[in-house]
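Source file model28.csv; content: CSV, C-alpha atoms.
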```csv
chain,number,residue,atom,x,y,z
A,25,MET,CA,1.1,-0.9,15.0
A,26,VAL,CA,3.0,-3.4,12.7
A,27,LYS,CA,0.0,-5.7,12.3
A,28,GLY,CA,-1.0,-5.9,8.6
A,29,LYS,CA,2.1,-3.9,7.4
A,30,LYS,CA,3.8,-5.5,4.5
A,31,ILE,CA,7.3,-5.4,3.0
A,32,LEU,CA,8.2,-6.7,-0.4
A,33,ILE,CA,11.7,-7.9,-1.2
A,34,THR,CA,13.1,-8.9,-4.6
A,35,ARG,CA,15.8,-11.6,-4.5
A,36,PRO,CA,17.1,-12.5,-8.0
A,37,GLU,CA,19.8,-15.1,-7.8
A,38,HIS,CA,21.3,-15.6,-11.3
A,39,ASP,CA,25.0,-14.7,-10.7
A,40,PHE,CA,27.4,-14.4,-7.7
A,41,GLY,CA,26.6,-10.8,-7.0
A,42,THR,CA,22.8,-11.3,-6.8
A,43,LYS,CA,23.3,-14.6,-5.0
A,44,TYR,CA,25.2,-12.8,-2.2
A,45,LEU,CA,22.6,-10.1,-1.9
A,46,SER,CA,19.8,-12.7,-1.9
A,47,PHE,CA,21.4,-14.7,0.9
A,48,TRP,CA,22.0,-11.6,3.0
A,49,ALA,CA,18.5,-10.4,2.5
A,50,LYS,CA,17.3,-13.5,4.5
A,51,GLU,CA,18.3,-11.7,7.7
A,52,VAL,CA,15.9,-8.9,6.8
A,53,ILE,CA,13.1,-11.3,6.0
A,54,GLU,CA,13.6,-13.2,9.3
A,55,THR,CA,13.7,-9.9,11.3
A,56,ALA,CA,10.5,-8.7,9.5
A,57,ASN,CA,8.7,-11.9,10.2
A,58,ARG,CA,9.8,-11.9,13.9
A,59,LYS,CA,8.4,-8.3,14.2
A,60,GLY,CA,5.1,-9.3,12.7
A,61,PHE,CA,5.4,-7.8,9.2
A,62,ASP,CA,4.0,-9.7,6.3
A,63,VAL,CA,6.8,-10.4,3.9
A,64,ILE,CA,6.3,-10.8,0.1
A,65,ASP,CA,9.5,-12.5,-1.0
A,66,LEU,CA,10.0,-12.4,-4.8
A,67,HIS,CA,12.8,-14.9,-5.0
A,68,ARG,CA,14.6,-16.1,-8.2
A,69,GLU,CA,12.2,-16.3,-11.2
A,70,LYS,CA,9.5,-14.5,-9.2
A,71,ALA,CA,11.7,-11.4,-9.2
A,72,GLU,CA,10.3,-10.2,-12.5
A,73,GLN,CA,8.3,-7.2,-13.6
A,74,LYS,CA,4.8,-8.7,-14.0
A,75,GLU,CA,4.9,-10.4,-10.6
A,76,PHE,CA,6.4,-7.3,-9.0
A,77,GLU,CA,3.7,-5.0,-10.3
A,78,GLY,CA,0.9,-7.4,-9.4
A,79,ARG,CA,2.1,-7.9,-5.9
A,80,VAL,CA,2.8,-4.2,-5.2
A,81,ASN,CA,-0.7,-3.3,-6.5
A,82,LYS,CA,-2.4,-6.1,-4.5
A,83,THR,CA,-0.5,-5.9,-1.2
A,84,ASN,CA,0.4,-2.2,-1.0
A,85,PRO,CA,3.8,-2.7,0.9
A,86,SER,CA,5.2,0.0,3.1
A,87,LEU,CA,8.8,-1.0,2.3
A,88,ILE,CA,10.2,-2.3,-1.0
A,89,MET,CA,13.7,-3.7,-0.9
A,90,LEU,CA,15.2,-4.2,-4.3
A,91,ASN,CA,18.2,-6.4,-4.6
A,92,GLY,CA,19.6,-6.6,-8.1
A,93,HIS,CA,21.6,-4.9,-10.7
A,94,GLY,CA,20.8,-1.5,-12.1
A,95,ASP,CA,21.7,1.6,-13.9
A,96,GLU,CA,20.7,5.2,-13.6
A,97,ASN,CA,17.1,4.6,-14.8
A,98,THR,CA,16.4,1.0,-13.8
A,99,VAL,CA,16.7,-1.8,-11.3
A,100,THR,CA,16.6,-5.4,-12.6
A,101,GLY,CA,15.5,-8.7,-11.3
A,102,HIS,CA,16.2,-12.3,-12.2
A,103,ASP,CA,18.3,-12.7,-15.3
A,104,ASN,CA,18.8,-9.0,-15.4
A,105,LYS,CA,15.3,-8.3,-16.7
A,106,THR,CA,14.0,-4.9,-15.8
A,107,ILE,CA,11.7,-4.7,-12.8
A,108,ILE,CA,11.3,-1.0,-12.4
A,109,GLU,CA,12.2,1.8,-14.8
A,110,LYS,CA,12.0,5.6,-14.8
A,111,GLY,CA,9.3,6.9,-17.0
A,112,LYS,CA,7.6,3.5,-17.1
A,113,ASN,CA,6.4,2.1,-13.8
A,114,GLU,CA,8.3,4.1,-11.1
A,115,LYS,CA,5.0,5.4,-9.8
A,116,LEU,CA,4.6,2.0,-8.1
A,117,LEU,CA,7.2,3.3,-5.6
A,118,LYS,CA,5.1,6.4,-4.6
A,119,LYS,CA,4.1,6.8,-1.0
A,120,ARG,CA,6.5,4.1,0.1
A,121,ILE,CA,10.0,3.7,1.3
A,122,THR,CA,12.3,1.9,-1.2
A,123,TYR,CA,15.8,0.7,-0.5
A,124,ALA,CA,17.6,-0.3,-3.7
A,125,VAL,CA,20.8,-2.3,-3.3
A,126,SER,CA,21.8,-1.8,-6.8
A,127,CYS,CA,24.2,0.5,-8.8
A,128,ASP,CA,23.5,4.0,-9.9
A,129,SER,CA,19.7,3.9,-9.5
A,130,ALA,CA,19.4,6.7,-7.0
A,131,LYS,CA,20.7,9.1,-9.7
A,132,ASN,CA,17.7,9.2,-12.1
A,133,LEU,CA,15.1,6.6,-10.9
A,134,GLY,CA,15.4,7.7,-7.3
A,135,GLU,CA,15.3,11.4,-8.1
A,136,SER,CA,12.2,10.9,-10.3
A,137,CYS,CA,10.1,9.1,-7.7
A,138,ALA,CA,11.2,10.8,-4.4
A,139,ASP,CA,8.9,13.4,-3.0
A,140,ASN,CA,7.4,14.6,0.3
A,141,ASP,CA,5.7,11.3,0.9
A,142,THR,CA,8.1,8.9,-0.9
A,143,THR,CA,11.6,7.9,0.2
A,144,TYR,CA,14.2,6.4,-2.1
A,145,ILE,CA,17.4,5.1,-0.4
A,146,GLY,CA,20.0,3.9,-2.9
A,147,TYR,CA,23.3,4.4,-4.5
A,148,GLU,CA,24.3,7.1,-6.9
A,149,LYS,CA,27.3,5.2,-8.3
A,150,SER,CA,28.4,1.5,-8.3
A,151,PHE,CA,27.6,-0.5,-5.2
A,152,ILE,CA,30.8,-2.5,-4.7
A,153,PHE,CA,31.5,-5.4,-2.4
A,154,ASN,CA,34.4,-7.8,-2.0
A,155,LEU,CA,34.2,-11.5,-1.4
A,156,ASP,CA,36.4,-14.5,-0.9
A,157,ARG,CA,36.2,-17.1,-3.6
A,158,LYS,CA,36.5,-19.9,-1.1
A,159,TYR,CA,32.9,-19.0,0.0
A,160,LEU,CA,31.1,-18.7,-3.3
A,161,ASN,CA,28.8,-21.6,-2.3
A,162,ARG,CA,28.5,-20.4,1.3
A,163,PRO,CA,28.0,-16.7,1.1
A,164,LEU,CA,26.9,-16.2,4.7
A,165,ASP,CA,30.2,-17.6,5.9
A,166,ASP,CA,32.2,-15.0,3.8
A,167,GLN,CA,33.5,-12.6,6.4
A,168,ARG,CA,34.7,-10.1,3.8
A,169,ALA,CA,31.3,-9.8,2.2
A,170,LYS,CA,29.7,-9.6,5.6
A,171,ARG,CA,31.4,-6.2,6.3
A,172,PHE,CA,29.6,-4.7,3.3
A,173,LEU,CA,26.3,-6.5,3.4
A,174,ASP,CA,25.7,-6.2,7.1
A,175,SER,CA,26.3,-2.4,6.8
A,176,SER,CA,23.9,-2.2,3.9
A,177,ASN,CA,21.3,-4.2,5.8
A,178,GLN,CA,21.2,-1.6,8.5
A,179,VAL,CA,18.9,0.4,6.3
A,180,PRO,CA,16.0,-2.1,6.3
A,181,LEU,CA,16.8,-3.3,9.8
A,182,SER,CA,16.6,0.2,11.2
A,183,LEU,CA,13.4,0.9,9.4
A,184,LEU,CA,11.9,-2.3,10.8
A,185,LYS,CA,12.9,-1.1,14.2
A,186,GLY,CA,10.8,2.0,13.6
A,187,HIS,CA,13.5,4.5,12.8
A,188,PRO,CA,12.7,7.2,10.2
A,189,SER,CA,14.1,6.9,6.7
A,190,LYS,CA,17.0,9.4,7.0
A,191,GLU,CA,18.1,7.9,10.3
A,192,ALA,CA,18.0,4.4,8.8
A,193,SER,CA,20.4,5.6,6.1
A,194,GLU,CA,22.6,7.4,8.7
A,195,ARG,CA,22.7,4.2,10.8
A,196,SER,CA,23.8,2.2,7.7
A,197,LYS,CA,26.5,4.8,7.0
A,198,GLU,CA,27.7,4.6,10.6
A,199,ALA,CA,28.0,0.9,10.2
A,200,PHE,CA,30.1,1.3,7.0
A,201,LYS,CA,32.2,3.8,8.9
A,202,ARG,CA,32.7,1.5,11.9
A,203,GLU,CA,33.9,-1.3,9.5
A,204,VAL,CA,36.4,1.1,7.9
A,205,GLY,CA,37.7,2.2,11.3
A,206,SER,CA,38.1,-1.3,12.4
A,207,LEU,CA,40.0,-2.2,9.2
A,208,LEU,CA,42.4,0.7,9.6
A,209,THR,CA,43.7,-0.5,13.0
A,210,SER,CA,47.0,-2.2,13.2
A,211,LEU,CA,45.3,-5.5,13.6
A,212,HIS,CA,44.1,-5.3,10.0
A,213,SER,CA,47.1,-4.0,8.0
A,214,ASP,CA,46.9,-6.6,5.3
A,215,PRO,CA,46.2,-5.5,1.7
A,216,ASP,CA,42.8,-7.2,1.6
A,217,SER,CA,41.6,-5.2,4.6
A,218,GLN,CA,42.9,-2.0,3.1
A,219,ALA,CA,41.1,-2.7,-0.2
A,220,ASP,CA,37.9,-3.5,1.8
A,221,ALA,CA,38.2,-0.2,3.7
A,222,LYS,CA,38.4,1.7,0.4
A,223,ASP,CA,35.4,0.0,-1.1
A,224,LEU,CA,33.3,0.4,2.2
A,225,TRP,CA,34.2,4.1,2.2
A,226,TRP,CA,33.1,4.3,-1.4
A,227,ASP,CA,29.7,2.6,-0.8
A,228,MET,CA,29.1,4.9,2.2
A,229,GLN,CA,29.7,8.0,0.2
A,230,CYS,CA,27.5,6.8,-2.7
A,231,GLN,CA,24.5,6.0,-0.5
A,232,VAL,CA,21.8,8.7,-0.5
A,233,CYS,CA,18.4,9.1,1.1
A,234,LEU,CA,16.1,11.0,-1.3
A,235,GLY,CA,12.6,12.5,-0.8
A,236,ALA,CA,10.8,12.1,2.5
A,237,GLN,CA,13.4,12.1,5.3
A,238,ASN,CA,11.1,11.3,8.2
A,239,LYS,CA,9.0,8.6,6.7
A,240,LYS,CA,8.5,5.5,8.9
A,241,LEU,CA,7.0,2.1,8.3
Q,22,MET,CA,51.1,26.6,-18.1
Q,23,SER,CA,51.2,25.9,-21.9
Q,24,LYS,CA,48.7,23.6,-23.5
Q,25,ASN,CA,51.3,21.0,-24.2
Q,26,LYS,CA,52.6,21.0,-20.7
Q,27,THR,CA,49.1,20.6,-19.3
Q,28,GLN,CA,48.3,17.7,-21.6
Q,29,LYS,CA,51.6,16.1,-20.7
Q,30,SER,CA,50.9,16.6,-17.0
Q,31,GLY,CA,47.4,15.1,-17.4
Q,32,ILE,CA,48.7,12.0,-19.1
Q,33,ASN,CA,51.4,11.5,-16.5
Q,34,THR,CA,48.8,11.8,-13.7
Q,35,ASP,CA,46.5,9.2,-15.4
Q,36,GLU,CA,49.4,6.8,-15.8
Q,37,GLU,CA,50.5,7.3,-12.2
Q,38,ILE,CA,47.0,6.6,-10.9
Q,39,ARG,CA,46.7,3.5,-13.1
Q,40,ASN,CA,50.1,2.2,-12.0
Q,41,LEU,CA,49.3,2.9,-8.3
Q,42,VAL,CA,46.0,1.0,-8.7
Q,43,ILE,CA,47.6,-1.9,-10.4
Q,44,ALA,CA,50.4,-2.1,-7.8
Q,45,ARG,CA,47.8,-2.2,-5.0
Q,46,LEU,CA,45.6,-4.8,-6.8
Q,47,ASN,CA,48.7,-7.0,-7.2
Q,48,THR,CA,49.1,-7.2,-3.4
Q,49,LEU,CA,45.6,-8.6,-2.9
Q,50,SER,CA,45.2,-12.3,-2.0
Q,51,PRO,CA,44.4,-14.4,-5.1
Q,52,ASP,CA,41.1,-15.5,-3.5
Q,53,THR,CA,39.8,-11.9,-3.6
Q,54,MET,CA,36.9,-11.2,-5.9
Q,55,LYS,CA,35.1,-7.9,-6.4
Q,56,SER,CA,31.4,-7.4,-7.2
Q,57,ILE,CA,30.9,-4.3,-9.2
Q,58,GLY,CA,27.1,-4.1,-9.8
Q,59,ASN,CA,25.9,-5.1,-13.2
Q,60,GLU,CA,29.5,-5.2,-14.5
Q,61,GLY,CA,29.9,-8.6,-12.7
Q,62,VAL,CA,32.2,-10.2,-10.2
Q,63,PHE,CA,36.0,-10.1,-11.0
Q,64,THR,CA,39.1,-11.9,-9.8
Q,65,ARG,CA,42.2,-10.0,-8.9
Q,66,ASP,CA,43.8,-10.7,-12.3
Q,67,GLU,CA,40.7,-9.7,-14.2
Q,68,LEU,CA,40.6,-6.4,-12.2
Q,69,ILE,CA,44.2,-5.7,-13.2
Q,70,ASN,CA,43.4,-6.5,-16.8
Q,71,ASN,CA,40.5,-4.1,-16.8
Q,72,VAL,CA,42.5,-1.3,-15.2
Q,73,GLN,CA,45.3,-1.8,-17.8
Q,74,LYS,CA,42.6,-1.6,-20.6
Q,75,GLY,CA,41.3,1.6,-19.1
Q,76,ASN,CA,37.7,0.5,-19.6
Q,77,LYS,CA,34.6,1.3,-17.5
Q,78,ILE,CA,35.4,-1.3,-14.9
Q,79,GLY,CA,39.0,0.0,-14.7
Q,80,ARG,CA,37.8,3.6,-14.4
Q,81,THR,CA,35.5,2.6,-11.5
Q,82,ILE,CA,38.4,1.0,-9.6
Q,83,GLU,CA,40.5,4.1,-10.2
Q,84,ALA,CA,37.6,6.3,-9.0
Q,85,VAL,CA,37.5,4.3,-5.8
Q,86,GLU,CA,41.2,4.8,-5.3
Q,87,MET,CA,41.0,8.5,-5.9
Q,88,GLU,CA,38.0,8.9,-3.5
Q,89,TRP,CA,40.1,7.1,-0.9
Q,90,ILE,CA,43.2,9.3,-1.5
Q,91,ARG,CA,40.9,12.4,-1.3
Q,92,ALA,CA,39.4,11.1,2.0
Q,93,MET,CA,42.9,10.5,3.5
Q,94,LYS,CA,44.0,14.0,2.4
Q,95,THR,CA,41.0,15.7,4.0
Q,96,GLY,CA,41.2,14.0,7.4
Q,97,LEU,CA,39.6,10.6,7.2
Q,98,ILE,CA,40.6,9.7,10.7
Q,99,GLN,CA,38.8,12.8,12.1
Q,100,LYS,CA,35.7,11.8,10.0
Q,101,LEU,CA,35.8,8.3,11.4
Q,102,TYR,CA,36.5,9.1,15.0
Q,103,GLY,CA,35.3,12.7,15.4
Q,104,GLN,CA,37.2,15.6,16.6
Q,105,ARG,CA,39.3,14.8,19.7
```

Please express the file's structure as structure tokens.
Amino acid sequence: MVKGKKILITRPEHDFGTKYLSFWAKEVIETANRKGFDVIDLHREKAEQKEFEGRVNKTNPSLIMLNGHGDENTVTGHDNKTIIEKGKNEKLLKKRITYAVSCDSAKNLGESCADNDTTYIGYEKSFIFNLDRKYLNRPLDDQRAKRFLDSSNQVPLSLLKGHPSKEASERSKEAFKREVGSLLTSLHSDPDSQADAKDLWWDMQCQVCLGAQNKKL
Amino acid sequence: MSKNKTQKSGINTDEEIRNLVIARLNTLSPDTMKSIGNEGVFTRDELINNVQKGNKIGRTIEAVEMEWIRAMKTGLIQKLYGQR
């Protein structure tokens, strides 16, 4: 049933935060390709509003994964230029599942577009992750960032496996929880692990699934 | 409680939280960096500086600490591992 289904991913890459998100989104792209989805990858300069609007209208993706910065009303793309904004073009998200890995956007933007046939999974407050500066040029080798971004990736990966939206969010939260549990053991009593546990717990608490709870790809 | 006493208590609490957060940040390895959405990516020393200033970034770090303390107080271990 996957044949012909499309997913669209934005991957701005203009600072360390977006670079890490972009690198980790590669796993989602690879999994989607392997499962037979068509992937529209808006990478770097292509992660901008005009390109985004054109590709959504033309390809009608079932899943949109937005990686980028944001606030309560917007999610941005490359160079922090707005891609989607409440009251302007949020209708593009209607009848789809959106996962926004960005700060605050679930609060107003997500609330405004979520309905019985539209899911918005995102964060009501800041999405925080820790990293190790030794790996700034090799993000995928950064084991500290991995704890956060692997847990976050469980949302799209679960959706690609065919799970409904609410379950995808719950699976992601379970992954955050497992990481916290693992860091609280005596094997990980160093201050860095304790700090990571706090931030993982925060992210888990801030993730929400709005609108259609049983929507599948 | 009188108004003065309440205000005094509030200030003390804010200061205590700030001092606790700074003390914990000080124990992090120097290679630690924290990405806080569109605010940016910060080194340990920059985080401490922001908490000392009490700006938006500092307040976010304090909120994370408070959320963690609240979770510990309300049975985080049970939440993680379920009732046993």

Practice item. For chain Q, list the residues within 8 Å of chain A, counting all atoms listed in the file, and write the list as a PyMOL selection string. Key: chain Q and resi 45+48-50+52-59+61-62+81+85-86+88-89+101-102

Point to revise | Point-to-point distance from CA of Gln167 in chain A to CA of Lys50 in chain A, Å rounded to tenths | key: 16.3 Å

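Distances from A:Lys110, A:His187, A:Arg79, A:Lys118 to Leu241 in chain A were compared using all atoms listed in the file, and the smallest one belongs to A:His187.
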
Check your understanding: Excluding same-chain residues fewer than 4 positions from Asn140 in chain A, what lies within 10 Å of it counting only C-alpha atoms, as a PyMOL selection string?
Key -> chain A and resi 118-119+234-239

Selection from above, C-alpha atoms, as a compact mmCIF listing (two decimals), in the frame of the given file, can you write it?
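Contents of the output file part27.txt:
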```
# COMPACT_ATOMS: atom_id res chain seq x y z
CA LYS A 118 5.10 6.40 -4.60
CA LYS A 119 4.10 6.80 -1.00
CA LEU A 234 16.10 11.00 -1.30
CA GLY A 235 12.60 12.50 -0.80
CA ALA A 236 10.80 12.10 2.50
CA GLN A 237 13.40 12.10 5.30
CA ASN A 238 11.10 11.30 8.20
CA LYS A 239 9.00 8.60 6.70
```

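Reported to one decimal place, the separation of CA of Lys185 in chain A from CA of Lys197 in chain A is 16.5 Å.
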
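Across A:Leu181, A:Val80, A:Leu116, A:Val232, the tightest approach to Glu54 in chain A is made by A:Leu181 when counting all atoms listed in the file.
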
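From CA of Cys137 in chain A back to CA of Ala56 in chain A, the distance works out to 24.8 Å.
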
Compute the distance from (10.4, -10.7, -13.7) to each atom, counting only C-alpha atoms, keep the residues with any atom at most 7 Å away, and return them as a PDB file with C-alpha atoms, in the frame of the given file; use the coordinates of the file.
```
ATOM      1  CA  GLU A  69      12.200 -16.300 -11.200  1.00  0.00           C
ATOM      2  CA  LYS A  70       9.500 -14.500  -9.200  1.00  0.00           C
ATOM      3  CA  ALA A  71      11.700 -11.400  -9.200  1.00  0.00           C
ATOM      4  CA  GLU A  72      10.300 -10.200 -12.500  1.00  0.00           C
ATOM      5  CA  GLN A  73       8.300  -7.200 -13.600  1.00  0.00           C
ATOM      6  CA  LYS A  74       4.800  -8.700 -14.000  1.00  0.00           C
ATOM      7  CA  GLU A  75       4.900 -10.400 -10.600  1.00  0.00           C
ATOM      8  CA  GLY A 101      15.500  -8.700 -11.300  1.00  0.00           C
ATOM      9  CA  HIS A 102      16.200 -12.300 -12.200  1.00  0.00           C
ATOM     10  CA  LYS A 105      15.300  -8.300 -16.700  1.00  0.00           C
ATOM     11  CA  ILE A 107      11.700  -4.700 -12.800  1.00  0.00           C
TER      12      ILE A 107
END
```

Point to revise | Selection: 7 Å around Leu66 in chain A, all atoms listed in the file, excl. self and same-chain fewer than 6 positions, as a PyMOL selection string | key: chain A and resi 33-35
